[in-house]
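Okay, structure first, notes after.
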Amino acid sequence: MRAPRAWLARLGEIFDKPRRDRELAAELESHLQMHIDDHVRAGMSAEEARRQALIRLGGMEQTKEACRERRGLPWLESLSQDARFGLRMLRKSPGFTAVAVLTLALGIGANTAIFSVVSKVLIDPMPYPQANRIVMLRRVFPQGLSLSYPTVSIPKFMVWREQTQVFQSTAIFDSGPLALNVTGGNRPEQVPGIRASAGYFKVFGVPIVLGRAYTAEEDKPGGPHVAVISYGLWHERYGGDPRIIGKTIEVGGSADEVIGVAKFVARFPTDIWLPLQANPNSSDQAHDYLAVARLGPGVTLAQARIAMKLAAEQFRRKYSGPFMMPGESATAQPFRDSVTGNVRPALLILLGAVGFVLLLACANVANLLLARATVRKREIAIRSALGAGRKRVIRQLLTESVMLSVAGGVLGLILGFAGIRMLLAQYPNNGGGGFDIPLIGSHGSEVTLDWRILLFAIGVCLITAILFGLLPAIQASQTPLSQSLNEGGSRGGTHRSRARSVLVVSEVAFAVILLAGAALLIRTLSALRALRPGFDAHNVLMMRMTFSGRQYDKTGGLAAAIQEAERRVGAVPGVQAVAMGCCVPLEGGSDLPFSIEGRAPTMGPYNGDDQWRFISPEFFDVLHAPLLSGRPFTDADVLGSEPVVIINEAMAKTYWPKGDAIGQRMLIGHGLGPEFEEPPRTIVGIVGNMREKFSGMTSSEIDPVMYVPAEQLGDPFMQWVREMLSATWFVRTETAPFAFSMPIQNALREATGGLPVADVRSMDQVVAGSTAWSGFIGMLLSSFAAIAICLAAIGIYGLMAYAVEQRKQEIGIRMALGAQPRDVRGMILKEGGALTLAGIFVGVAAALGLTRFMATLLYGVKPWDPMAFGGVVILLGAVAVFAAYVPARRAMRVDPMVALRHE
Amino acid sequence: MGGDKTDVWQGTLALMVLKTLETIGPMHGYGIARRIEQISGDRLAVNYGTLYPALMKLEQEGFIQSEWGVSDNNRKAKFYKLTRAGRKQVEREAREWENTTAILARFLSPEEQP
């Protein structure tokens, strides 16, 4: 009941502390003196009296400390005192502090950065309302989902969407963004857009910030020209004009009325949504669309899958015959899985790698703290002798550990922030092969620092620091004071150095795992870079163009534009040749099914389904792709002349292994839809293989490709093509191609009646981009491995340096007894070597178990690649020997006399 | 010396200090310690490691006050005296202590009960 008053009094006592300390000292001194006086009166000598009084009264310093603890608010005072003292201690050993803080910061920062990105992609809810109810509707084959791209045809979707008992809403949309020309005003530009059915806005819950989305009525064939534009486009192109609704914009040569503005992170960059206006009675077989659905209330994924399977059977009954592939069925897949499927393994591996970095950091800090503890054993003993209670000593060490962790955490937070930005800056935006990281917005704008992981990482470090920071205090309080004081602070603690050995071994093992992963990716990268693209990328500039406008409704318009471009661009000084093609090598394109004349169909009604390109006659010349046999296309291969096709070597070998391809005829795209109907084409040439796509990172196969003359496509075919695939111009220049970029762009614009170009790159950049994703992952893993090897080296060095310091006396005796400095060095090196070997052994075993999870990221190397593992072992061995060599040399120079006198 | 003496325990020390001050008036720490030892017939040892924290606690709780003065032997010393709250506290504590000992006494010699 007296407590509040006492607390108030104590609070008051915090201030004028020095005066109170003086008073207490004076009071105790007078007490002592009175005691002595009494003894003297009783007849003792002054000296004896004083001695007796001191024995009788107990330690004056302990009494003062006990009184201090009663006075004021000791925990508050001692906290600030501990903090000040801790700071002083940390400043006094800057090497230890810097290494510990930096280690913690790297562990925390790397984890925060990587996890922030990964959680956005794999864990956080997707930016759609009830996103877990959205499913992808797709075809499935007996081989499983991973082998098929999830595209569907319109007739299939029309049957699937009848499964209304499981789906609340369904939608179908283009499988990739179209490059739409937005003209009108003074700045024509290409923007990404898609055509989507009206259900798109319902399935994704697209927030419309202005106006409205288009209705199912407007989405019918022959419906009005309306468009929904993105918030970004609204602001960038139209200045956020609130009167945009109802205005007409020129999209792809047609006038579309803007009816809404959507603020929305789509699956791929999208600035314009147009109604697909698909014909429900279509029998087109082109699988160019993606289908999604929102599950009805209470419907499970399993139920949706059963419904999709039934729908596939219905479709088979409705369209008997050629419309489905053998074994084909349909299924529903969680939307996130369909979106993240191809980046998931890489992201998980990165997550694992940073996890190891964190473990390493903790091991390293534990190691450092243990080493320090031994040094501080004596200090702690002295503090206890001066009256510090066990609690007080523990609190002091705790404060230091917490300060270390907090400093590491703050620096880690900064590193995490910077790391995210660095990560996204390095990340190959739309790196080749479609390996863009989904759901992170354009340039990762959606990625924010993940506080959960930051707190988690700091927590792990804090626990480590506290655990290993307190060990010495606990041990110290268990050994009698006199023993610790007499030990002279340089011996003892053998069991503690055993703990440190275990830590060092595990550090080396972690480093081996990370290094092995990095080495395998580096080997992959060099294998990928060693692949010959099959064309000469040097001094070739590319730029994309979409042919929109009335003059390109007919193929003749395109042919005229090609010839005009060849003339105008060819006239630019420094330009050697110019060509057009539908797709950029290494970046994939469209495929079409075909049948070979005179052969029984093997795949449904077809003989195969392979890559298909339309090109201008100069295409192979510009890219220096060698014609292996037959003839190239000429200006005479136009609509009306004999239909021709050139195939690549891979296609010739696949379908005509006997080498009799030339002169054979093939029918391409028959049955896909009316616009694809064309007469059979005669194979007139075989061209060398160009790499079309590193499908995944790892495909070593070269896709079969058929090339047709652009000027020989039927008009309806041409119209489909120009909507679905933007064309690309390729220009070979005499010197570095970017110097000619502006005159070439101007010439192209003049040649095509003012069409804009976009995506101007050199083919060298395209080649580099094709390995960018592997490079990105490899770069990250390599930096983690570099951190790992540094930490492991610090661990080995720290342990050996400490061992040498501890055994100075023993080494001195050995040398006095005739051991050569060489022997001493050998002894220390051998110990370091043994630890390293043990670590390498454990690490290699663990890495062999773990690297197989990387298999999908590897190309040209096995997960157990002996070269990679050998290199790792040699590198780590060398670093370890070096780390042990420095202390070993110090051991060599121990002066026996000095060492023996040391005590 | 004093090997067979009992160290005084904290809870009772406060009451002893208060009672001492009530009996002999303002006194310094040394005097209080000696007085307690004398009253106990030298069966208790009061060293300053326990005495001064106890004095400080009592002062914080407002039962005693201190001021500097001069001892009989002309030494500067801090004198402690009871406050009004202190006097009440002595009474209360003494009563409680008597109660406690009376109850304990009954347990320790049950056969003497009426």
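Quick note on naming: the chains in the structure tokens go A, B, ... in the order shown, residues restart at 1 in each chain, and ligands are numbered from 1 in order of appearance.
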- [ ] Skip Tyr48 (chain B) itself and residues of its chain fewer than 5 positions away, then list as a PyMOL selection string all residues within 12 Å of it, counting only C-alpha atoms.
- [x] (chain A and resi 24-25+27-32+35+53-67) or (chain B and resi 7-8+13+29-34+53-56)
Task: All strand (DSSP E) positions in region 318-544 of chain A, as a list in words - done: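 Taking region 318-544 of chain A and keeping strand (DSSP E) only, one gets Ser329, Ala330, Thr331, Ala332, Gln333, Pro334, Val540, Leu541, Met542, Met543 and Arg544 of chain A.
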Those residues you just picked out, can you put them in a file as a PDB file, in the first residue's frame with C-alpha atoms?
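Done, and the output landed in out-v2.pdb:
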ATOM      1  CA  SER A 329      -9.598 -33.377 -71.846  1.00  0.00           C
ATOM      2  CA  ALA A 330     -10.281 -30.185 -69.918  1.00  0.00           C
ATOM      3  CA  THR A 331      -9.749 -29.062 -66.372  1.00  0.00           C
ATOM      4  CA  ALA A 332      -9.776 -26.124 -64.001  1.00  0.00           C
ATOM      5  CA  GLN A 333      -6.573 -24.876 -62.393  1.00  0.00           C
ATOM      6  CA  PRO A 334      -6.197 -22.296 -59.620  1.00  0.00           C
ATOM      7  CA  VAL A 540      21.166  -6.008 -86.587  1.00  0.00           C
ATOM      8  CA  LEU A 541      18.488  -3.668 -85.301  1.00  0.00           C
ATOM      9  CA  MET A 542      14.902  -4.801 -84.719  1.00  0.00           C
ATOM     10  CA  MET A 543      11.695  -2.869 -84.108  1.00  0.00           C
ATOM     11  CA  ARG A 544       8.083  -3.932 -83.903  1.00  0.00           C
TER      12      ARG A 544
END
TODO: Residues of chain B near chain A: apply a cut-off of 7 Å, count only C-alpha atoms, and supply the list as a ChimeraX atom specification.
DONE: /B:29-30,47-49,52-53,57,60-61,75-78
- [ ] For CA of Arg722 (chain A) and CA of Phe547 (chain A), determine how far apart the two atoms are, in Å to one decimal place.
- [x] 6.0 Å
Task: Best match for closeness to Thr50 (chain B) among B:Val70, B:Leu82, B:Val17, B:Met27, counting only C-alpha atoms - done: B:Val17
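Using only C-alpha atoms, the protein and nucleic acid residues lying no more than 10 Å from Thr83 (chain B), apart from those fewer than 4 places from it along its own chain, are Leu18, Glu22, Glu59, Gly62, Phe63, Ile64, Gln65, Ser66, Arg87, Lys88 and Gln89 of chain B.
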Open item on the list: When you look at Val265 (chain A) with a cut-off of 9 Å (counting only C-alpha atoms), what residues show up, excluding the ones that are within fewer than 2 positions of it in the same chain? I need them as a PyMOL selection string.
Closed with: chain A and resi 127-128+206+263+267-270+439-442+446
Task: Two-atom distance - CA of Ile394 (chain A), CA of Tyr797 (chain A) (Å) - done: 28.1 Å
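The gap separating CA of Gly222 (chain A) from CA of Gln168 (chain A) is 25.8 Å, in Å to one decimal.
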With a distance cut-off of 8 Å and only C-alpha atoms, select the neighbouring residues of Ala891 (chain A), excluding the residue or stretch itself and same-chain residues fewer than 6 positions from it, and output the selection as a PDB file with C-alpha atoms, in the first residue's frame.
ATOM      1  CA  VAL A 804      46.411 -19.886 -31.578  1.00  0.00           C
ATOM      2  CA  LYS A 808      50.286 -19.610 -27.199  1.00  0.00           C
ATOM      3  CA  ILE A 811      53.131 -23.536 -28.715  1.00  0.00           C
ATOM      4  CA  PRO A 821      58.032 -23.058 -36.832  1.00  0.00           C
ATOM      5  CA  VAL A 824      53.679 -25.361 -35.660  1.00  0.00           C
ATOM      6  CA  ARG A 825      52.231 -23.889 -38.833  1.00  0.00           C
ATOM      7  CA  ILE A 828      47.392 -25.198 -37.042  1.00  0.00           C
TER       8      ILE A 828
END
Task: 12 Å contact set for Leu829 (chain A), only C-alpha atoms, chain neighbours under 4 positions out, as JSON, numbers by chain - done: {"A": [796, 797, 799, 800, 801, 803, 804, 822, 823, 824, 825, 833, 834, 835, 836, 837, 877, 878, 880, 881, 882, 883, 884, 885, 886, 887, 888, 889, 890, 891, 892]}
